file coords_2.txt (compact mmCIF, C-alpha atoms and all ligand atoms)
# COMPACT_ATOMS: atom_id res chain seq x y z
CA MET A 222 0.00 0.00 0.00
CA LEU A 223 1.34 3.44 -1.01
CA PRO A 224 1.62 6.06 1.73
CA MET A 225 -1.16 8.49 0.82
CA PRO A 226 -3.22 10.93 2.88
CA GLN A 227 -6.37 9.64 4.44
CA ALA A 228 -8.61 11.85 2.28
CA ALA A 229 -6.89 10.83 -0.96
CA ARG A 230 -7.22 7.20 -0.13
CA ALA A 231 -10.85 7.69 0.65
CA ASN A 232 -11.62 9.74 -2.47
CA PRO A 233 -8.84 10.89 -4.88
CA MET A 234 -11.15 13.42 -6.57
CA ILE A 235 -11.64 15.36 -3.32
CA PHE A 236 -7.85 15.48 -2.83
CA ILE A 237 -7.27 16.84 -6.38
CA ALA A 238 -10.10 19.36 -5.93
CA ARG A 239 -8.45 20.62 -2.70
CA ILE A 240 -5.08 21.09 -4.49
CA LEU A 241 -6.78 22.94 -7.35
CA ARG A 242 -8.67 25.15 -4.92
CA PHE A 243 -5.41 25.88 -3.06
CA LEU A 244 -3.61 26.77 -6.33
CA PHE A 245 -6.55 28.96 -7.34
CA TRP A 246 -6.30 30.95 -4.09
CA VAL A 247 -2.53 31.26 -4.39
CA LEU A 248 -3.06 32.71 -7.87
CA ILE A 249 -5.75 35.15 -6.65
CA VAL A 250 -3.65 36.32 -3.69
CA SER A 251 -0.47 36.82 -5.73
CA TRP A 252 -2.45 38.68 -8.40
CA SER A 253 -4.12 41.01 -5.89
CA VAL A 254 -0.80 41.65 -4.12
CA SER A 255 0.85 42.66 -7.41
CA LEU A 256 -2.17 44.84 -8.26
CA LEU A 257 -2.04 46.53 -4.83
CA ARG A 258 1.69 47.11 -5.21
CA ARG A 259 1.10 48.71 -8.62
CA ILE A 260 -1.59 51.02 -7.13
CA VAL A 261 0.68 52.01 -4.21
CA ASN A 262 3.57 52.69 -6.61
CA SER A 263 1.43 54.87 -8.89
CA MET A 264 0.05 56.78 -5.87
CA GLY A 265 3.54 57.30 -4.48
CA GLY A 266 4.80 58.53 -7.85
CA ALA A 267 1.95 61.04 -8.14
CA ALA A 268 2.50 62.32 -4.59
CA THR A 269 6.21 63.01 -5.11
CA GLY A 270 5.69 64.26 -8.68
CA ARG A 271 8.59 62.14 -9.87
CA GLN A 272 6.79 60.58 -12.84
CA GLN A 273 5.24 63.75 -14.27
CA PRO A 274 7.52 66.77 -13.78
CA ILE A 275 5.73 70.09 -14.10
CA ASP A 276 6.79 72.13 -17.13
CA VAL A 277 9.67 74.48 -16.39
CA PRO A 278 8.40 78.09 -16.25
CA SER A 279 11.69 79.51 -17.55
CA ASP A 280 11.04 77.68 -20.81
CA ALA A 281 7.76 79.56 -21.23
CA VAL A 282 9.54 82.87 -20.55
CA SER A 283 12.16 82.21 -23.23
CA ARG A 284 9.38 81.42 -25.75
CA LYS A 285 7.53 84.69 -25.07
CA LEU A 286 7.77 87.03 -28.04
CA VAL A 287 9.03 90.58 -27.66
CA ARG A 288 9.26 93.37 -30.23
CA ASP A 289 12.38 95.22 -31.20
CA PRO A 290 11.27 98.92 -31.36
CA VAL A 291 14.10 99.84 -33.74
CA CYS A 292 13.55 97.38 -36.60
CA GLY A 293 10.10 96.13 -35.51
CA MET A 294 11.24 92.52 -35.46
CA HIS A 295 9.59 89.98 -33.16
CA LEU A 296 11.87 87.60 -31.30
CA ALA A 297 11.93 85.29 -28.27
CA GLU A 298 12.57 87.12 -25.02
CA GLY A 299 15.30 84.64 -24.14
CA LEU A 300 17.25 85.52 -27.30
CA ALA A 301 16.69 89.28 -27.14
CA ILE A 302 19.05 91.87 -25.67
CA ALA A 303 17.21 93.45 -22.75
CA GLU A 304 17.60 97.08 -21.84
CA HIS A 305 15.70 99.27 -19.42
CA SER A 306 14.36 102.56 -20.68
CA GLY A 307 12.40 104.70 -18.23
CA GLY A 308 11.57 101.72 -16.03
CA GLU A 309 10.15 99.74 -18.98
CA PRO A 310 12.12 96.79 -20.35
CA VAL A 311 13.01 97.15 -24.02
CA PHE A 312 14.25 94.27 -26.14
CA PHE A 313 16.52 94.31 -29.18
CA CYS A 314 17.44 91.74 -31.82
CA SER A 315 21.05 92.88 -31.98
CA GLU A 316 23.66 95.22 -30.53
CA GLU A 317 23.19 97.39 -33.61
CA CYS A 318 19.51 98.02 -32.83
CA ARG A 319 20.29 98.58 -29.16
CA ASN A 320 22.94 101.19 -30.06
CA LYS A 321 20.51 102.96 -32.40
CA PHE A 322 17.95 103.08 -29.60
CA MET A 323 20.47 104.33 -27.01
CA VAL A 324 21.44 107.25 -29.30
CA GLU A 325 17.84 108.35 -29.82
CA PRO A 326 15.55 106.62 -27.29
CA ARG A 327 12.72 109.12 -27.83
CA LYS A 328 12.60 108.39 -31.54
CA PHE A 329 11.90 104.68 -30.93
CA ALA A 330 10.06 104.87 -27.61
CA ALA A 331 6.74 105.29 -29.41
CA ASN A 332 7.37 102.07 -31.34
CA ALA A 333 7.99 99.97 -28.24
ZN ZN B 401 16.41 94.88 -34.55
call {"tool": "encode", "arguments": {"input": "coords_2.txt", "output": "structure tokens", "more": "lines below"}}
Ligand SMILES: [Zn+2]
result
Amino acid sequence: MLPMPQAARANPMIFIARILRFLFWVLIVSWSVSLLRRIVNSMGGAATGRQQPIDVPSDAVSRKLVRDPVCGMHLAEGLAIAEHSGGEPVFFCSEECRNKFMVEPRKFAANA
């Protein structure tokens, strides 16, 4: 006689059904644990803001268009030469335009 559990000897189908039920629960538990871990990870990532960094504001500033009062050209603020004239910031495309403005600020002030 083979050494088998009492239940299996009595009815092998019940023994197999118990193993299957056990494997089924192991599968369910492992699946729910991995799902919970995924939820916790996604929540943690959102809380710290590591996964979705907020757009850098300085980038938006450099993309803002300004007008050169001397030649009337539009250019990105980040690329322009900034100068202060009467408390107001004035932007130029080049040193040449800036120099023209500095010689006669009143002439170009109306264009700003
Ligand atoms: Zn210019």
call {"tool": "atom_distance", "arguments": {"input": "coords_2.txt", "atom1": "CA of Asp289 (chain A)", "atom2": "CA of Phe322 (chain A)"}}
result
9.8 Å
call {"tool": "residues_near_ligand", "arguments": {"input": "coords_2.txt", "ligand": "ligand ZN 401 (chain B)", "cutoff": "9 Å", "atoms": "all atoms listed in the file", "output": "VMD selection string"}}
result
chain A and resid 288 to 295 312 to 319
call {"tool": "atom_distance", "arguments": {"input": "coords_2.txt", "atom1": "CA of Arg327 (chain A)", "atom2": "CA of Gly307 (chain A)"}}
result
10.6 Å
call {"tool": "atom_distance", "arguments": {"input": "coords_2.txt", "atom1": "CA of Asn262 (chain A)", "atom2": "CA of Leu244 (chain A)"}}
result
26.9 Å
call {"tool": "closest_residue", "arguments": {"input": "coords_2.txt", "among": "A:Met323, A:Ala231, A:Ala301, A:Ala238", "to": "Leu286 (chain A)", "atoms": "all atoms listed in the file"}}
result
A:Ala301
call {"tool": "residues_around", "arguments": {"input": "coords_2.txt", "residues": "Val311 (chain A)", "least_positions_apart": "5", "cutoff": "8 Å", "atoms": "all atoms listed in the file", "output": "JSON, numbers by chain"}}
result
{"A": [289, 290, 303, 304, 305, 306, 333]}
call {"tool": "decode", "arguments": {"input": "coords_2.txt", "residues": "region 304-333 of chain A", "atoms": "N, CA and C atoms", "output": "tab-separated table (two decimals), in the first residue's frame"}}
result
chain	number	residue	atom	x	y	z
A	304	GLU	N	17.10	95.78	-22.30
A	304	GLU	CA	17.60	97.08	-21.84
A	304	GLU	C	16.44	97.77	-21.13
A	305	HIS	N	16.76	98.57	-20.11
A	305	HIS	CA	15.70	99.27	-19.42
A	305	HIS	C	15.69	100.74	-19.83
A	306	SER	N	14.53	101.18	-20.24
A	306	SER	CA	14.36	102.56	-20.68
A	306	SER	C	13.17	103.16	-19.94
A	307	GLY	N	13.47	104.05	-19.01
A	307	GLY	CA	12.40	104.70	-18.23
A	307	GLY	C	11.58	103.73	-17.43
A	308	GLY	N	12.25	102.70	-16.87
A	308	GLY	CA	11.57	101.72	-16.03
A	308	GLY	C	10.94	100.58	-16.83
A	309	GLU	N	10.76	100.77	-18.13
A	309	GLU	CA	10.15	99.74	-18.98
A	309	GLU	C	11.25	98.91	-19.66
A	310	PRO	N	11.11	97.59	-19.64
A	310	PRO	CA	12.12	96.79	-20.35
A	310	PRO	C	11.93	96.87	-21.87
A	311	VAL	N	13.04	97.07	-22.56
A	311	VAL	CA	13.01	97.15	-24.02
A	311	VAL	C	13.92	96.04	-24.54
A	312	PHE	N	13.48	95.40	-25.61
A	312	PHE	CA	14.25	94.27	-26.14
A	312	PHE	C	14.71	94.55	-27.58
A	313	PHE	N	15.92	94.10	-27.86
A	313	PHE	CA	16.52	94.31	-29.18
A	313	PHE	C	17.02	93.01	-29.78
A	314	CYS	N	16.99	92.95	-31.13
A	314	CYS	CA	17.44	91.74	-31.82
A	314	CYS	C	18.95	91.68	-31.87
A	315	SER	N	19.59	92.85	-31.85
A	315	SER	CA	21.05	92.88	-31.98
A	315	SER	C	21.62	94.10	-31.26
A	316	GLU	N	22.93	94.09	-31.13
A	316	GLU	CA	23.66	95.22	-30.53
A	316	GLU	C	23.45	96.47	-31.38
A	317	GLU	N	23.36	96.28	-32.66
A	317	GLU	CA	23.19	97.39	-33.61
A	317	GLU	C	21.89	98.15	-33.31
A	318	CYS	N	20.80	97.40	-33.14
A	318	CYS	CA	19.51	98.02	-32.83
A	318	CYS	C	19.54	98.68	-31.45
A	319	ARG	N	20.20	98.03	-30.52
A	319	ARG	CA	20.29	98.58	-29.16
A	319	ARG	C	21.04	99.92	-29.19
A	320	ASN	N	22.14	99.96	-29.96
A	320	ASN	CA	22.94	101.19	-30.06
A	320	ASN	C	22.14	102.32	-30.70
A	321	LYS	N	21.35	101.97	-31.71
A	321	LYS	CA	20.51	102.96	-32.40
A	321	LYS	C	19.50	103.54	-31.41
A	322	PHE	N	18.94	102.66	-30.59
A	322	PHE	CA	17.95	103.08	-29.60
A	322	PHE	C	18.59	103.97	-28.53
A	323	MET	N	19.79	103.59	-28.08
A	323	MET	CA	20.47	104.33	-27.01
A	323	MET	C	20.84	105.74	-27.46
A	324	VAL	N	21.11	105.92	-28.76
A	324	VAL	CA	21.44	107.25	-29.30
A	324	VAL	C	20.20	108.14	-29.29
A	325	GLU	N	19.08	107.57	-29.75
A	325	GLU	CA	17.84	108.35	-29.82
A	325	GLU	C	16.66	107.56	-29.21
A	326	PRO	N	16.62	107.44	-27.90
A	326	PRO	CA	15.55	106.62	-27.29
A	326	PRO	C	14.15	107.18	-27.56
A	327	ARG	N	14.01	108.49	-27.62
A	327	ARG	CA	12.72	109.12	-27.83
A	327	ARG	C	12.15	108.79	-29.21
A	328	LYS	N	13.02	108.67	-30.17
A	328	LYS	CA	12.60	108.39	-31.54
A	328	LYS	C	11.90	107.02	-31.65
A	329	PHE	N	12.42	106.05	-30.85
A	329	PHE	CA	11.90	104.68	-30.93
A	329	PHE	C	10.95	104.30	-29.79
A	330	ALA	N	10.89	105.18	-28.78
A	330	ALA	CA	10.06	104.87	-27.61
A	330	ALA	C	8.60	104.66	-27.99
A	331	ALA	N	8.12	105.40	-28.97
A	331	ALA	CA	6.74	105.29	-29.41
A	331	ALA	C	6.47	103.94	-30.08
A	332	ASN	N	7.52	103.36	-30.64
A	332	ASN	CA	7.37	102.07	-31.34
A	332	ASN	C	7.37	100.87	-30.39
A	333	ALA	N	7.81	101.08	-29.17
A	333	ALA	CA	7.99	99.97	-28.24
A	333	ALA	C	6.67	99.30	-27.89
